[in-house]
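What follows is a set of notes on a single structure, which appears directly below.
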Amino acid sequence: MTFGMQSLMELWEYLVMLFGGQVWLLMVTLILTATAVADVIQRKVLSVLHNQLVRREKIWLDSFVDAARSPASFFIWVTGTVLALNTLILKVGVYVELIKYITDFKSTILTLSVGWFVIRLVQRLELHLKDVAKEDDRLDEVTVEALAKIIKLLAFVLTGLFFLSAFGVSMTGLLAFGGVGGIAVGFAAKDLLGNVLGGLMIYLDKPFTVGEWIRSPDKDIEGTVENIGWRMTTVRTFDKRPLYIPNGIFANISIENPSRMTNRRIKETMGIRYADVGRMRLIVDDVRSMLLNHPEIDTNQTLIVNFNGFGASSLDFFIYTFTKTTNWILFHEIKQDVLLKVSEIVESHGAEMAFPTRTLYIEKDEVETAASDSASEQR
């Protein structure tokens with residue numbers, strides 16, 4: 001033990017002499033060197049642990065390790081820098097009054113590091129949960145994103161409050177000021193707050209999610225949802241224009257979500273000639289049978305085919321049924337097939353589809369009178 005202490009003393013004297021007797025410079029150098037060594041060690045350890053967890057596909061545990069890498073480095077370097085700065089000020093004897101503020105900041109280093117760690121951790125967990133949500137219907141990406149934003153905001157606010165408290169700011173006074181200030185800000189920025197609350201309601205109620213097609217009968221809004229932010233929602237219209245909608249608007253309008261349709265409806269009125277009235281019953285029965293046996297028609301939904309009325313130029317029957325698919329393009333292909341088959345059924349019964357016509361009936365007496373008048377004029 002004595003030999004070890006003696007060796008350390010000799011090493012210290014040698015280092016002091018090496019630095020020209022400037023003990024303060026030696027101490028600052030040693031502190032920064034120790035800080036660098038500690039940072040290199042923690043980086044190496046966390047890097048090896050991160051690679052091992054990735055290789056074993058332990059993504060949840062790796063989220064904690066990966067999130068801690070930068071905050072840990074920040075904590076080590078800020079701690080070492082504060083110690084070196086305090087040592088320098090005390091030895092040189094200048095700006096001594098700054099030591100109090102540096103010491104107060106030192107007490108917040110851990111708080112700042114923890115807050116940064118929580119935010120980074122939430123970001124990584126959010127990405128993993130979104131991947132899970134794509135495969136599990138019990139979880140959706142919008143809810144994950146909303147919770148992540150709330151937790152990150154909470155971590156940011158709490159970190160800021162602890163930081164201010166460390167510098168002697170009264171928490172009671174700060175909260176009281178925040179209450180009064182909140183009222184003032186609420187009146188000054190009610191539209192902004194309305195949009196934020198509207199965004200929160202979208203996250204909670206989930207009338208639509210990213211990627212879904214929405215439209216509103218109250219506003220000129222129709223397209224695919226690209227992003228749901230806290231203040232506004234981005235919708236890409238079908239002509240590829242971006243539409244930025246403040247979230248507060250959704251609280252006052254009706255929104256249709258065609259993406260959540262279970263079926264698509266075919267509703268058509270068709271007409272045959274009055275001359276084909278005797279064939280109407282057979283045509284209607286065959287059309288109904290065709291729909292019942294069509295592979296793309298959902299027979300569990302309402303299916304109606306009936307003679308519907310006497311039109312101005314046709315005898316009208318209507319078709320009311322639903323397709324199994326909700327795909328817009330496939331729906332129109334199925335509808336085309338149905339309409340063409342209806343036309344074939346009408347033709348197979350010797351009837352024809354009607355088009356606007358007008359028949360003029362002239363009474364016989366009127367014809368004879370007109371002919372007599374014409375003959376008299378010629379004489």
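Just remember, in the structure tokens the first chain shown is A, the second B, etc., residues are 1-based per chain, and ligands are 1-based in the order shown.
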Could you pull the residues within 9 Å of Val342 (chain A), counting only C-alpha atoms, minus those fewer than 3 positions along the same chain, as a PyMOL selection string?
chain A and resi 283+286-287+290+337-339+345-347
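Distance annotation: of A:Ile228, A:Val65, A:Ile266, A:Ala275, the residue with the minimal separation from Phe331 (chain A) is A:Ile266; atom set is only C-alpha atoms.
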Within 7 Å of Thr35 (chain A) using only C-alpha atoms, minus same-chain residues under 4 positions, as a PDB file with N, CA and C atoms, in the first residue's frame:
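The resulting file, out11.pdb, is shown below:
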```pdb
ATOM      1  N   ILE A  31      -9.536  15.652 -15.867  1.00  0.00           N
ATOM      2  CA  ILE A  31     -11.004  15.513 -15.838  1.00  0.00           C
ATOM      3  C   ILE A  31     -11.554  15.258 -17.244  1.00  0.00           C
ATOM      4  N   ASP A  39     -16.729   8.017 -21.782  1.00  0.00           N
ATOM      5  CA  ASP A  39     -17.650   8.057 -22.919  1.00  0.00           C
ATOM      6  C   ASP A  39     -17.329   6.949 -23.916  1.00  0.00           C
ATOM      7  N   ILE A  76     -22.431  12.191 -19.591  1.00  0.00           N
ATOM      8  CA  ILE A  76     -21.015  12.062 -19.225  1.00  0.00           C
ATOM      9  C   ILE A  76     -20.241  13.324 -19.595  1.00  0.00           C
ATOM     10  N   TRP A  77     -20.439  13.808 -20.809  1.00  0.00           N
ATOM     11  CA  TRP A  77     -19.663  14.958 -21.260  1.00  0.00           C
ATOM     12  C   TRP A  77     -20.059  16.246 -20.544  1.00  0.00           C
ATOM     13  N   GLY A  80     -18.577  16.032 -17.017  1.00  0.00           N
ATOM     14  CA  GLY A  80     -17.142  16.278 -17.032  1.00  0.00           C
ATOM     15  C   GLY A  80     -16.812  17.727 -17.345  1.00  0.00           C
TER      16      GLY A  80
END
```
Name the closest residue to Thr224 (chain A) among the candidates A:Ala155, A:Val210, A:Leu61, A:Ile319; distances are taken between atoms, counting only C-alpha atoms.
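Smallest distance to Thr224 (chain A) is found for A:Val210.
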Excluding Gln123 (chain A) and any residue of its chain fewer than 3 positions from it, enumerate the residues within 12 Å of it, using only C-alpha atoms, and give them as a list in words.
Ser63, Phe64, Asp66, Ala67, Trp116, Phe117, Val118, Ile119, Arg120, Glu126, Leu127, His128, Leu129, Lys130, Val144, Glu145, Ala146, Leu147, Ala148, Lys149, Ile150, Ile151, Lys152 and Leu153 of chain A
Counting only C-alpha atoms, which residue out of A:Ser313, A:Asn308, A:Ser113, A:Asn227 sits closest to Phe162 (chain A)?
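Closest residue, counting only C-alpha atoms: A:Ser113.
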Considering only C-alpha atoms, can you say which of A:Ser348, A:Asn247, A:Thr79, A:Asn263 comes closest to Leu330 (chain A)?
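Using only C-alpha atoms, the shortest distance to Leu330 (chain A) belongs to A:Asn263.
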Residues at most 12 Å from Leu315 (chain A), counting only C-alpha atoms, excluding those fewer than 4 positions away in the same chain, as a list in words?
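The residues satisfying every condition are Thr269, Met270, Gly271, Ile272, Arg273, Tyr274, Ala275, Asp276, Val277, Gly278, Arg279, Met280, Arg281, Ile283, Val284, Asn306, Phe307, Asn308, Gly309, Phe310, Gly311, Ala351, Glu352, Met353, Ala354, Phe355 and Pro356 of chain A.
The residue that comes closest to Met232 (chain A), out of A:Phe156, A:Phe317, A:Phe208, A:Tyr244 and on the basis of only C-alpha atoms, is A:Tyr244.
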Considering only helix (DSSP H, G or I) as DSSP defines it on the backbone, what residues of region 285-326 of chain A qualify? List them as a tab-separated table (two decimals) with C-alpha atoms, in the first residue's frame.
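What landed in selection05.tsv:
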```tsv
chain	number	residue	atom	x	y	z
A	285	ASP	CA	-87.63	-12.99	-63.39
A	286	ASP	CA	-84.58	-13.81	-65.55
A	287	VAL	CA	-82.70	-10.70	-64.44
A	288	ARG	CA	-83.36	-11.58	-60.79
A	289	SER	CA	-82.16	-15.16	-61.39
A	290	MET	CA	-79.03	-13.85	-63.13
A	291	LEU	CA	-78.16	-11.65	-60.14
A	292	LEU	CA	-78.79	-14.42	-57.62
```
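The space separating CA of Gly199 (chain A) from CA of Thr234 (chain A) comes to 11.8 Å.
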